[in-house]
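Data from data.cif: mmCIF, C-alpha atoms and all ligand atoms
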data_my_file
loop_
_atom_site.label_atom_id
_atom_site.label_comp_id
_atom_site.auth_asym_id
_atom_site.auth_seq_id
_atom_site.Cartn_x
_atom_site.Cartn_y
_atom_site.Cartn_z
CA MET J 1480 150.78 -185.01 -171.78
CA LEU J 1481 150.74 -185.94 -175.41
CA ASP J 1482 152.46 -184.71 -178.57
CA LEU J 1483 150.19 -185.61 -181.45
CA HIS J 1484 152.33 -183.50 -183.81
CA ALA J 1485 155.29 -185.82 -183.29
CA GLN J 1486 153.20 -188.84 -184.15
CA TYR J 1487 151.65 -187.19 -187.19
CA GLU J 1488 155.05 -186.17 -188.54
CA SER J 1489 156.21 -189.77 -188.40
CA ILE J 1490 153.30 -191.05 -190.52
CA ALA J 1491 152.16 -187.98 -192.52
CA PRO J 1492 152.76 -189.37 -196.04
CA GLU J 1493 150.82 -192.57 -195.24
CA ILE J 1494 147.95 -190.59 -193.72
CA ARG J 1495 147.74 -188.19 -196.64
CA ALA J 1496 147.71 -191.06 -199.13
CA ALA J 1497 144.90 -192.75 -197.20
CA ILE J 1498 142.85 -189.54 -197.14
CA ASP J 1499 143.47 -189.05 -200.88
CA ASP J 1500 142.15 -192.57 -201.54
CA VAL J 1501 138.90 -191.77 -199.74
CA LEU J 1502 138.55 -188.47 -201.57
CA ALA J 1503 139.12 -190.24 -204.88
CA ALA J 1504 136.48 -192.84 -204.02
CA GLN J 1505 133.97 -190.18 -202.81
CA GLN J 1506 132.29 -192.67 -200.51
CA PHE J 1507 132.18 -191.27 -197.01
CA VAL J 1508 129.90 -193.38 -194.82
CA LEU J 1509 129.77 -197.17 -194.34
CA GLY J 1510 132.11 -198.05 -197.18
CA PRO J 1511 135.08 -200.34 -197.78
CA GLN J 1512 137.43 -198.54 -195.36
CA CYS J 1513 135.04 -199.03 -192.46
CA GLU J 1514 134.47 -202.66 -193.39
CA ALA J 1515 138.20 -203.41 -193.65
CA PHE J 1516 138.93 -201.55 -190.43
CA GLU J 1517 136.22 -203.50 -188.61
CA GLN J 1518 137.85 -206.76 -189.66
CA GLU J 1519 141.32 -205.56 -188.71
CA VAL J 1520 140.28 -204.34 -185.26
CA ALA J 1521 138.25 -207.51 -184.64
CA ARG J 1522 141.35 -209.53 -185.48
CA ALA J 1523 143.51 -207.38 -183.19
CA CYS J 1524 141.00 -208.02 -180.37
CA SER J 1525 140.72 -211.77 -181.17
CA THR J 1526 137.00 -211.54 -181.94
CA PRO J 1527 135.26 -212.49 -185.17
CA TYR J 1528 133.11 -209.34 -185.43
CA GLY J 1529 133.63 -205.60 -185.24
CA VAL J 1530 130.97 -202.92 -185.73
CA GLY J 1531 132.24 -199.38 -186.31
CA VAL J 1532 130.29 -196.60 -184.60
CA ALA J 1533 130.64 -192.86 -184.08
CA SER J 1534 132.31 -192.86 -180.63
CA GLY J 1535 133.23 -194.96 -177.64
CA THR J 1536 130.26 -193.53 -175.75
CA GLU J 1537 127.84 -194.69 -178.41
CA ALA J 1538 129.60 -198.06 -178.58
CA LEU J 1539 128.63 -198.47 -174.91
CA GLU J 1540 125.08 -197.23 -175.48
CA LEU J 1541 124.44 -199.55 -178.41
CA ALA J 1542 126.07 -202.53 -176.73
CA LEU J 1543 124.06 -202.07 -173.52
CA HIS J 1544 120.84 -201.51 -175.46
CA ALA J 1545 121.51 -204.68 -177.50
CA CYS J 1546 122.06 -206.56 -174.21
CA GLY J 1547 118.53 -205.59 -173.21
CA VAL J 1548 119.24 -202.60 -170.95
CA GLY J 1549 116.35 -200.14 -170.88
CA ALA J 1550 114.38 -197.79 -168.67
CA GLY J 1551 114.23 -198.85 -165.02
CA ASP J 1552 117.03 -201.40 -165.28
CA GLU J 1553 120.19 -201.32 -163.19
CA VAL J 1554 123.70 -201.56 -164.58
CA ILE J 1555 126.73 -202.00 -162.32
CA VAL J 1556 129.67 -199.76 -163.25
CA PRO J 1557 132.88 -198.86 -161.43
CA ALA J 1558 132.83 -195.49 -159.68
CA PHE J 1559 136.37 -194.65 -160.79
CA THR J 1560 136.20 -194.10 -164.55
CA PHE J 1561 135.43 -191.48 -167.17
CA ILE J 1562 131.88 -190.14 -167.01
CA ALA J 1563 130.95 -191.76 -170.35
CA THR J 1564 130.82 -195.18 -168.68
CA GLY J 1565 127.97 -193.93 -166.50
CA SER J 1566 126.28 -191.64 -168.98
CA ALA J 1567 125.89 -194.48 -171.49
CA VAL J 1568 123.69 -196.14 -168.87
CA THR J 1569 121.64 -193.06 -168.04
CA THR J 1570 121.10 -192.19 -171.70
CA LEU J 1571 119.20 -195.47 -171.97
CA GLY J 1572 117.00 -194.51 -169.01
CA ALA J 1573 118.66 -197.10 -166.79
CA ARG J 1574 120.25 -196.52 -163.40
CA PRO J 1575 124.01 -196.88 -162.86
CA VAL J 1576 124.87 -198.69 -159.65
CA PHE J 1577 128.38 -197.73 -158.63
CA ALA J 1578 130.85 -200.32 -157.34
CA ASP J 1579 134.24 -199.84 -155.74
CA ILE J 1580 137.63 -200.65 -157.23
CA GLU J 1581 140.81 -202.44 -156.22
CA PRO J 1582 143.46 -200.04 -154.90
CA VAL J 1583 146.29 -201.59 -156.91
CA THR J 1584 144.78 -201.83 -160.40
CA PHE J 1585 142.09 -199.10 -160.11
CA ASN J 1586 139.69 -201.59 -161.71
CA LEU J 1587 136.43 -203.11 -160.45
CA ASP J 1588 136.93 -205.13 -157.30
CA PRO J 1589 135.29 -208.51 -157.98
CA SER J 1590 134.72 -209.03 -154.26
CA HIS J 1591 132.57 -205.86 -154.10
CA LEU J 1592 130.35 -206.82 -156.98
CA GLU J 1593 127.85 -209.36 -155.71
CA MET J 1594 126.46 -207.00 -153.05
CA HIS J 1595 125.22 -204.72 -155.84
CA ILE J 1596 123.35 -207.38 -157.80
CA THR J 1597 119.55 -207.14 -157.57
CA PRO J 1598 116.70 -208.65 -159.62
CA ARG J 1599 116.88 -205.47 -161.74
CA THR J 1600 120.56 -205.80 -162.64
CA ARG J 1601 120.65 -206.13 -166.40
CA ALA J 1602 124.38 -205.75 -167.14
CA ILE J 1603 127.81 -205.23 -165.61
CA VAL J 1604 130.19 -202.80 -167.30
CA VAL J 1605 133.82 -203.63 -166.65
CA VAL J 1606 136.31 -200.86 -167.44
CA HIS J 1607 139.90 -201.78 -168.29
CA LEU J 1608 141.30 -198.54 -166.95
CA PHE J 1609 144.53 -196.80 -168.00
CA GLY J 1610 145.58 -199.73 -170.25
CA LEU J 1611 145.30 -202.57 -167.74
CA ALA J 1612 142.75 -205.41 -167.80
CA ALA J 1613 140.36 -205.82 -164.88
CA ASP J 1614 140.33 -209.14 -163.01
CA MET J 1615 137.94 -210.79 -165.45
CA ASP J 1616 137.77 -214.43 -164.29
CA PRO J 1617 135.92 -213.86 -161.00
CA ILE J 1618 133.75 -211.18 -162.62
CA LEU J 1619 132.76 -213.47 -165.50
CA THR J 1620 132.09 -216.35 -163.10
CA LEU J 1621 129.84 -214.20 -160.93
CA ALA J 1622 128.03 -212.73 -163.95
CA ALA J 1623 127.45 -216.20 -165.40
CA LYS J 1624 126.10 -217.43 -162.04
CA HIS J 1625 123.50 -214.64 -162.12
CA GLY J 1626 122.91 -214.76 -165.89
CA ILE J 1627 124.02 -211.15 -166.33
CA PRO J 1628 125.87 -210.02 -169.47
CA VAL J 1629 129.25 -208.33 -169.10
CA VAL J 1630 130.09 -205.39 -171.37
CA GLU J 1631 133.76 -204.41 -171.47
CA ASP J 1632 134.56 -200.71 -171.66
CA ASN J 1633 137.82 -201.15 -173.55
CA ALA J 1634 138.12 -197.47 -174.50
CA GLN J 1635 141.56 -197.21 -172.91
CA SER J 1636 143.07 -200.65 -173.41
CA ILE J 1637 143.20 -201.80 -177.02
CA GLY J 1638 145.77 -204.60 -177.24
CA ALA J 1639 145.91 -205.33 -173.50
CA SER J 1640 145.47 -208.91 -172.37
CA TYR J 1641 144.39 -211.01 -169.41
CA HIS J 1642 145.85 -214.52 -169.15
CA GLY J 1643 146.27 -214.69 -172.91
CA ARG J 1644 142.85 -213.23 -173.75
CA LYS J 1645 142.52 -209.79 -175.32
CA THR J 1646 140.52 -207.14 -173.51
CA GLY J 1647 137.22 -206.65 -175.30
CA SER J 1648 136.96 -210.34 -176.24
CA MET J 1649 135.90 -211.78 -172.90
CA GLY J 1650 132.44 -210.32 -172.30
CA ARG J 1651 129.32 -210.18 -174.44
CA ALA J 1652 130.68 -207.07 -176.18
CA GLY J 1653 133.82 -204.93 -176.02
CA CYS J 1654 133.57 -201.18 -176.61
CA LEU J 1655 136.45 -199.20 -178.07
CA SER J 1656 137.04 -195.47 -178.34
CA PHE J 1657 139.27 -193.95 -180.99
CA TYR J 1658 139.16 -190.48 -179.43
CA PRO J 1659 142.31 -188.66 -180.64
CA SER J 1660 144.27 -189.12 -177.39
CA LYS J 1661 143.70 -192.87 -177.22
CA ASN J 1662 146.43 -195.42 -178.01
CA LEU J 1663 144.74 -195.78 -181.40
CA GLY J 1664 143.34 -192.29 -181.98
CA ALA J 1665 141.34 -190.94 -184.91
CA TYR J 1666 141.42 -187.35 -186.18
CA GLY J 1667 137.96 -186.82 -184.74
CA ASP J 1668 135.51 -189.09 -182.95
CA ALA J 1669 135.14 -192.79 -183.68
CA GLY J 1670 134.42 -196.03 -181.86
CA MET J 1671 133.77 -199.74 -182.31
CA ILE J 1672 132.04 -202.69 -180.69
CA VAL J 1673 133.74 -206.07 -180.96
CA THR J 1674 131.98 -209.32 -180.14
CA ASN J 1675 132.08 -213.09 -180.54
CA ASP J 1676 128.33 -213.18 -181.12
CA GLU J 1677 127.25 -213.04 -184.76
CA LYS J 1678 123.60 -212.27 -183.96
CA LEU J 1679 124.61 -209.41 -181.69
CA ALA J 1680 126.90 -208.01 -184.41
CA THR J 1681 124.06 -208.13 -186.95
CA ARG J 1682 121.74 -206.33 -184.55
CA LEU J 1683 124.38 -203.70 -183.79
CA ARG J 1684 124.86 -203.04 -187.52
CA ALA J 1685 121.16 -202.24 -187.73
CA LEU J 1686 121.14 -200.20 -184.51
CA ARG J 1687 123.96 -197.91 -185.66
CA ASN J 1688 122.03 -197.11 -188.83
CA HIS J 1689 118.50 -196.13 -187.74
CA GLY J 1690 117.52 -199.71 -186.99
CA GLN J 1691 117.50 -200.45 -190.72
CA THR J 1692 117.57 -204.12 -191.65
CA GLY J 1693 116.85 -203.53 -195.33
CA ARG J 1694 117.05 -200.65 -197.74
CA TYR J 1695 114.95 -197.91 -196.11
CA VAL J 1696 113.28 -200.48 -193.89
CA SER J 1697 113.65 -199.93 -190.14
CA THR J 1698 112.59 -202.68 -187.80
CA GLU J 1699 113.43 -200.92 -184.55
CA ARG J 1700 114.46 -197.56 -183.15
CA GLY J 1701 118.13 -197.01 -183.82
CA TRP J 1702 120.88 -194.41 -183.79
CA ASN J 1703 122.79 -192.51 -186.43
CA SER J 1704 126.14 -193.75 -185.17
CA ARG J 1705 128.39 -194.64 -188.08
CA LEU J 1706 132.15 -194.66 -188.40
CA ASP J 1707 133.00 -192.50 -191.40
CA GLU J 1708 135.38 -193.50 -194.17
CA LEU J 1709 137.95 -190.78 -193.55
CA GLN J 1710 138.36 -191.78 -189.91
CA ALA J 1711 138.43 -195.48 -190.83
CA ALA J 1712 141.13 -194.88 -193.47
CA ILE J 1713 143.24 -192.85 -191.00
CA LEU J 1714 142.78 -195.44 -188.28
CA ARG J 1715 143.79 -198.27 -190.64
CA VAL J 1716 147.12 -196.53 -191.21
CA LYS J 1717 147.61 -196.02 -187.49
CA LEU J 1718 146.61 -199.58 -186.63
CA ARG J 1719 149.62 -200.80 -188.65
CA HIS J 1720 151.84 -198.92 -186.18
CA LEU J 1721 149.97 -199.79 -183.00
CA ALA J 1722 152.12 -202.76 -181.96
CA ASP J 1723 155.30 -200.64 -182.21
CA TRP J 1724 153.69 -197.75 -180.36
CA THR J 1725 152.48 -200.06 -177.61
CA ALA J 1726 155.97 -201.55 -177.28
CA ALA J 1727 157.38 -198.00 -176.96
CA ARG J 1728 154.82 -197.16 -174.26
CA GLN J 1729 155.77 -200.33 -172.37
CA SER J 1730 159.46 -199.57 -172.64
CA HIS J 1731 158.94 -195.99 -171.42
CA ALA J 1732 156.88 -197.32 -168.51
CA ARG J 1733 159.72 -199.67 -167.52
CA ARG J 1734 162.10 -196.70 -167.62
CA TYR J 1735 159.83 -194.67 -165.33
CA ASP J 1736 159.57 -197.73 -163.06
CA SER J 1737 163.32 -197.87 -162.69
CA LEU J 1738 163.77 -194.11 -162.27
CA LEU J 1739 160.98 -193.71 -159.70
CA GLY J 1740 160.90 -197.13 -158.01
CA ASP J 1741 162.85 -196.12 -154.92
CA LEU J 1742 160.76 -193.05 -154.02
CA PRO J 1743 158.87 -193.27 -150.74
CA GLY J 1744 155.30 -192.00 -150.63
CA ILE J 1745 154.36 -192.86 -154.19
CA THR J 1746 153.00 -196.02 -155.74
CA LEU J 1747 153.80 -196.86 -159.35
CA PRO J 1748 151.50 -198.80 -161.71
CA ARG J 1749 151.60 -202.48 -160.82
CA VAL J 1750 150.81 -205.24 -163.28
CA PRO J 1751 149.38 -208.44 -161.79
CA THR J 1752 150.77 -211.71 -163.17
CA GLY J 1753 149.22 -212.79 -166.46
CA ARG J 1754 148.22 -209.30 -167.63
CA GLU J 1755 149.77 -207.18 -170.36
CA HIS J 1756 149.48 -203.43 -169.66
CA VAL J 1757 149.37 -201.12 -172.71
CA TYR J 1758 149.92 -197.92 -170.70
CA TYR J 1759 147.31 -195.59 -172.08
CA LEU J 1760 148.36 -193.65 -169.00
CA TYR J 1761 151.21 -193.94 -166.54
CA THR J 1762 149.45 -193.18 -163.28
CA ILE J 1763 151.20 -192.84 -159.96
CA SER J 1764 149.53 -192.53 -156.56
CA VAL J 1765 150.83 -189.89 -154.19
CA SER J 1766 149.57 -190.64 -150.71
CA GLY J 1767 149.15 -188.46 -147.64
CA ARG J 1768 147.87 -184.99 -146.89
CA ALA J 1769 149.88 -182.07 -148.15
CA THR J 1770 152.16 -180.17 -145.85
CA GLY J 1771 154.19 -178.12 -148.32
CA GLY J 1772 153.00 -174.90 -149.96
CA VAL J 1773 152.14 -175.07 -153.62
CA GLY J 1774 155.01 -173.85 -155.78
CA GLY J 1775 157.38 -172.84 -153.02
CA GLY J 1776 158.59 -176.17 -151.79
CA THR J 1777 158.47 -174.94 -148.22
CA VAL J 1778 157.10 -177.01 -145.40
CA GLY J 1779 154.21 -175.26 -143.79
CA LYS J 1780 150.50 -174.85 -143.64
CA ASN J 1781 148.36 -175.81 -146.49
CA PRO J 1782 145.19 -173.78 -146.00
CA SER J 1783 143.82 -174.65 -149.42
CA GLY J 1784 143.26 -178.29 -148.43
CA ALA J 1785 145.31 -179.42 -151.42
CA THR J 1786 146.44 -183.02 -151.50
CA ARG J 1787 150.06 -184.05 -151.97
CA SER J 1788 149.26 -185.01 -155.56
CA ASP J 1789 147.94 -181.46 -156.16
CA ILE J 1790 151.24 -180.11 -154.92
CA VAL J 1791 153.29 -182.45 -157.06
CA GLN J 1792 151.15 -181.46 -160.04
CA GLN J 1793 151.73 -177.76 -159.37
CA ARG J 1794 155.47 -178.25 -158.95
CA LEU J 1795 155.65 -180.13 -162.24
CA ALA J 1796 153.67 -177.35 -163.90
CA ASP J 1797 156.14 -174.81 -162.52
CA ARG J 1798 158.79 -176.63 -164.56
CA GLY J 1799 156.64 -176.76 -167.68
CA ILE J 1800 155.69 -180.42 -167.26
CA ALA J 1801 152.07 -181.47 -167.73
CA SER J 1802 150.33 -183.96 -165.48
CA VAL J 1803 146.64 -184.71 -165.10
CA VAL J 1804 144.39 -186.14 -162.41
CA TYR J 1805 142.31 -188.80 -164.11
CA TYR J 1806 139.80 -188.64 -162.36
CA PRO J 1807 139.23 -186.06 -159.61
CA VAL J 1808 135.58 -186.90 -158.87
CA PRO J 1809 134.20 -190.46 -158.63
CA LEU J 1810 130.98 -191.14 -160.48
CA HIS J 1811 128.84 -191.62 -157.35
CA LEU J 1812 129.74 -188.06 -156.25
CA GLN J 1813 129.24 -186.39 -159.63
CA PRO J 1814 126.64 -183.60 -159.52
CA LEU J 1815 124.99 -185.36 -162.46
CA TYR J 1816 124.19 -188.29 -160.16
CA ALA J 1817 123.27 -186.35 -157.02
CA SER J 1818 119.70 -187.65 -157.29
CA LEU J 1819 121.02 -191.21 -156.86
CA GLY J 1820 122.04 -190.34 -153.30
CA GLY J 1821 125.78 -191.14 -153.34
CA LYS J 1822 127.67 -189.80 -150.30
CA PRO J 1823 131.34 -189.32 -149.45
CA GLY J 1824 132.55 -192.47 -147.73
CA ASP J 1825 130.31 -194.80 -149.77
CA LEU J 1826 133.11 -196.07 -152.01
CA ARG J 1827 136.31 -195.39 -150.16
CA ILE J 1828 138.87 -196.84 -152.55
CA SER J 1829 137.47 -194.90 -155.50
CA GLU J 1830 137.41 -191.72 -153.44
CA ARG J 1831 140.98 -192.25 -152.29
CA ALA J 1832 142.11 -192.87 -155.86
CA CYS J 1833 140.57 -189.53 -156.88
CA ARG J 1834 142.65 -187.78 -154.20
CA GLU J 1835 145.91 -189.57 -154.92
CA VAL J 1836 146.30 -190.30 -158.62
CA LEU J 1837 148.44 -188.32 -160.99
CA SER J 1838 149.19 -189.29 -164.58
CA ILE J 1839 152.52 -188.15 -165.97
CA PRO J 1840 153.39 -187.86 -169.67
CA LEU J 1841 153.73 -191.15 -171.48
CA TYR J 1842 153.37 -191.54 -175.24
CA PRO J 1843 155.38 -193.44 -177.82
CA GLU J 1844 157.36 -190.49 -179.17
CA LEU J 1845 158.73 -189.38 -175.76
CA THR J 1846 162.53 -189.32 -175.83
CA ALA J 1847 164.83 -190.84 -173.22
CA ALA J 1848 165.89 -187.32 -172.19
CA GLN J 1849 162.27 -186.21 -171.74
CA ILE J 1850 161.50 -189.24 -169.58
CA GLU J 1851 164.52 -188.49 -167.40
CA ARG J 1852 163.50 -184.85 -167.10
CA VAL J 1853 159.97 -185.78 -166.01
CA ALA J 1854 161.28 -188.37 -163.54
CA GLN J 1855 163.74 -185.90 -162.04
CA ALA J 1856 160.98 -183.31 -161.70
CA VAL J 1857 158.78 -185.87 -159.88
CA ARG J 1858 161.66 -186.68 -157.52
CA ASP J 1859 162.20 -182.98 -156.80
CA ALA J 1860 158.48 -182.33 -156.39
CA LEU J 1861 158.22 -184.99 -153.70
CA ARG J 1862 160.89 -183.33 -151.60
CA ASP J 1863 159.26 -181.29 -148.87
C1 LIG J 1901 136.83 -195.32 -169.96
C2 LIG J 1901 136.18 -194.59 -171.10
N1 LIG J 1901 134.93 -194.94 -171.46
C3 LIG J 1901 134.31 -194.34 -172.48
C4 LIG J 1901 134.92 -193.33 -173.20
C5 LIG J 1901 134.13 -192.64 -174.26
O1 LIG J 1901 134.73 -192.67 -175.52
P1 LIG J 1901 134.45 -191.48 -176.56
O2 LIG J 1901 135.16 -190.27 -176.09
O3 LIG J 1901 135.03 -192.03 -177.84
O4 LIG J 1901 132.99 -191.30 -176.66
C6 LIG J 1901 136.22 -192.94 -172.87
C7 LIG J 1901 137.00 -191.92 -173.59
O5 LIG J 1901 136.78 -190.85 -173.87
C8 LIG J 1901 136.87 -193.58 -171.78
O6 LIG J 1901 138.10 -193.23 -171.41
#

So, in terms of structure tokens, how does the structure I just supplied come out?
Ligand SMILES: Cc1ncc(COP(=O)(O)O)c(C=O)c1O
Amino acid sequence: MLDLHAQYESIAPEIRAAIDDVLAAQQFVLGPQCEAFEQEVARACSTPYGVGVASGTEALELALHACGVGAGDEVIVPAFTFIATGSAVTTLGARPVFADIEPVTFNLDPSHLEMHITPRTRAIVVVHLFGLAADMDPILTLAAKHGIPVVEDNAQSIGASYHGRKTGSMGRAGCLSFYPSKNLGAYGDAGMIVTNDEKLATRLRALRNHGQTGRYVSTERGWNSRLDELQAAILRVKLRHLADWTAARQSHARRYDSLLGDLPGITLPRVPTGREHVYYLYTISVSGRATGGVGGGTVGKNPSGATRSDIVQQRLADRGIASVVYYPVPLHLQPLYASLGGKPGDLRISERACREVLSIPLYPELTAAQIERVAQAVRDALRD
């Protein structure tokens, strides 16, 4: 799915020099690299403030906590996302309330949101999934009507935009992950919260560092969630390349679009007008129940109950091509949340997405020949 070696080889001297600088300085936590990186990411997201933290998950936890989410509160989250979006809520003792998504963008469906708002709703988490912004205007309007803060889970979409506004800059806080596979990936864990709100940024700086507001003076319970200098220095190097890498992702996506656009039975990523997709993933939907046997390409019974996307995945694997189902289980049906009472059929679009999606390799260093090979394998895999 991803060749991190290829990327490292293209920037190795810059990375090594940046690491050497940190080693020479011997300052490893909350130093000048972190501070500079916070400013650079904030600028890239069109926000005045950035607060570096230890991961995208903790970015969500701290942001939600700073928005007032605590035990007994409800937080609306989409059901089709990575588990961290939900677990950030439960870590705070609050209850995630799962909402359905739009079939085309895989993002929160604004028209399904209001029915989940109760007097206990303390925040809405919007995920910009796979590199594409959610439909923010109706969500922000609804949230403002009810006085509920919106936190953007921007783990997958750094650089994406919605009608000229960067993802992460539209809500009360935007949460970024620099997990190694992300469009801007560290060599370990790292995350950041960006915001337009100076007071919130000041509070978050205290929260990430044991609630300290002065030297060895803590005014509230906090976390140890700091972005270390080595990761910040590495990420600063990579940030300088991000625009080129994003352009390469977009160009590869257009190539897949043209190579796969005529295939019946699959849906390609669609980008609504006014949004810029940064293609963290290139995710196709393969609809319908399976009829062919896995691996053999023969039409026949499928006793395993596999979906057509399972079969395509297996046929790609047979040719040495990786593909991944992000995500096979919606949050409301996760065993972790069984006590919340979610049932199959509750959130049909999310459940269908889990059965149909398949992400195929897309990263900046892919060659034209590799893209053609993957596309040909998808075409062949869809033949019954
Ligand atoms: C949508 C989403 N939210 C949250 C996270 C959590 O980020 P991290 O792995 O940096 O904790 C991730 C990525 O892993 C993600 O994809």

Proximity to Leu1683 of chain J - best of J:Leu1826, J:Leu1592, J:Leu1539, J:Val1750, only C-alpha atoms: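 Answer, going by the shortest atom-to-atom distance: J:Leu1539.
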
Pairwise distance for atom CA of Gly1753 of chain J and atom CA of Asn1586 of chain J, rounded to one decimal in Å: 15.5 Å

Contacts of ligand LIG 1901 (chain J), 10 Å or closer, only C-alpha atoms and all ligand atoms, given as a ChimeraX atom specification: /J:1532-1540,1559-1567,1605-1610,1631-1636,1654-1661,1664-1665,1667-1671,1759,1805

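Nearest to Pro1748 of chain J of all the residues J:Phe1585, J:Asp1614, J:Gly1643, J:Arg1601 is J:Phe1585, counting only C-alpha atoms.
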
Point-to-point distance in Å for atom CA of Leu1509 of chain J and atom CA of Tyr1695 of chain J: 14.9 Å

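You can rank J:Leu1571, J:Val1576, J:Ile1763, J:Ala1796 by their closest distance to Ala1545 of chain J using all atoms listed in the file, and at the top of that list sits J:Leu1571.
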
Selection near Ala1860 of chain J, 6 Å with all atoms listed in the file, sequence-local residues under 4 positions removed, as a ChimeraX atom specification: /J:1791,1794,1856

Separation of atom CA of Val1554 of chain J from atom CA of Pro1598 of chain J in Å: 11.1 Å

To box segment 1668-1681 of chain J, take all atoms listed in the file, fit an axis-aligned box, add 6 Å on each side, and give centre and edge lengths in Å to one decimal, as JSON.
{"center_x": 129.6, "center_y": -201.1, "center_z": -183.5, "size_x": 23.9, "size_y": 36.1, "size_z": 18.8}

Which residue of J:Arg1495, J:Pro1511, J:Asn1703, J:Asn1662 approaches His1720 of chain J most closely, using only C-alpha atoms: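 Distance minimum relative to His1720 of chain J lands on J:Asn1662.
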
Spatial neighbours of segment 1685-1694 of chain J, max dist 8 Å, all atoms listed in the file, sep filter under 4 positions, as a PyMOL selection string: chain J and resi 1532+1541+1681+1698-1705

Top pick for closest residue to Phe1577 of chain J, considering J:Asp1825, J:Asp1707, J:Glu1517, J:Asp1552 and counting all atoms listed in the file: J:Asp1825

Contact residues around Gly1740 of chain J with all atoms listed in the file at 12 Å, ignoring same-chain residues under 4 positions, as a PyMOL selection string: chain J and resi 1732-1736+1744-1749+1763+1854+1857-1858

Anything within 8 Å of (149.5, -203.5, -172.8): list those residues as a PDB file with C-alpha atoms, keeping the file's coordinate frame, counting only C-alpha atoms and sticking to the file's coordinates.
ATOM      1  CA  GLY J1610     145.580-199.730-170.250  1.00  0.00           C
ATOM      2  CA  LEU J1611     145.300-202.570-167.740  1.00  0.00           C
ATOM      3  CA  SER J1636     143.070-200.650-173.410  1.00  0.00           C
ATOM      4  CA  ILE J1637     143.200-201.800-177.020  1.00  0.00           C
ATOM      5  CA  GLY J1638     145.770-204.600-177.240  1.00  0.00           C
ATOM      6  CA  ALA J1639     145.910-205.330-173.500  1.00  0.00           C
ATOM      7  CA  SER J1640     145.470-208.910-172.370  1.00  0.00           C
ATOM      8  CA  THR J1725     152.480-200.060-177.610  1.00  0.00           C
ATOM      9  CA  GLN J1729     155.770-200.330-172.370  1.00  0.00           C
ATOM     10  CA  ARG J1754     148.220-209.300-167.630  1.00  0.00           C
ATOM     11  CA  GLU J1755     149.770-207.180-170.360  1.00  0.00           C
ATOM     12  CA  HIS J1756     149.480-203.430-169.660  1.00  0.00           C
ATOM     13  CA  VAL J1757     149.370-201.120-172.710  1.00  0.00           C
ATOM     14  CA  TYR J1758     149.920-197.920-170.700  1.00  0.00           C
TER      15      TYR J1758
END

Nearest candidate to Val1836 of chain J (options J:Ala1613, J:Leu1679, J:Val1583, J:Ile1596; using all atoms listed in the file): J:Val1583

All residues 12 Å or closer to Tyr1487 of chain J, only C-alpha atoms, same chain fewer than 3 positions away omitted, as a PyMOL selection string: chain J and resi 1481-1484+1490-1495+1659+1664-1666+1713+1716-1717+1720+1843-1844

Could N, CA and C atoms be built for segment 1852-1862 of chain J and written out as a tab-separated table (two decimals), in the frame of the given file?
chain	number	residue	atom	x	y	z
J	1852	ARG	N	163.84	-186.18	-167.63
J	1852	ARG	CA	163.50	-184.85	-167.10
J	1852	ARG	C	162.21	-184.92	-166.26
J	1853	VAL	N	161.23	-185.65	-166.77
J	1853	VAL	CA	159.97	-185.78	-166.01
J	1853	VAL	C	160.25	-186.50	-164.69
J	1854	ALA	N	161.02	-187.58	-164.76
J	1854	ALA	CA	161.28	-188.37	-163.54
J	1854	ALA	C	162.03	-187.52	-162.51
J	1855	GLN	N	162.99	-186.75	-162.97
J	1855	GLN	CA	163.74	-185.90	-162.04
J	1855	GLN	C	162.82	-184.86	-161.41
J	1856	ALA	N	161.91	-184.31	-162.22
J	1856	ALA	CA	160.98	-183.31	-161.70
J	1856	ALA	C	160.04	-183.94	-160.66
J	1857	VAL	N	159.63	-185.19	-160.88
J	1857	VAL	CA	158.78	-185.87	-159.88
J	1857	VAL	C	159.57	-186.05	-158.59
J	1858	ARG	N	160.82	-186.50	-158.72
J	1858	ARG	CA	161.66	-186.68	-157.52
J	1858	ARG	C	161.75	-185.38	-156.74
J	1859	ASP	N	162.05	-184.28	-157.46
J	1859	ASP	CA	162.20	-182.98	-156.80
J	1859	ASP	C	160.89	-182.52	-156.17
J	1860	ALA	N	159.78	-182.79	-156.88
J	1860	ALA	CA	158.48	-182.33	-156.39
J	1860	ALA	C	158.08	-183.03	-155.10
J	1861	LEU	N	158.60	-184.24	-154.91
J	1861	LEU	CA	158.22	-184.99	-153.70
J	1861	LEU	C	159.04	-184.59	-152.48
J	1862	ARG	N	160.06	-183.79	-152.72
J	1862	ARG	CA	160.89	-183.33	-151.60
J	1862	ARG	C	160.18	-182.20	-150.87
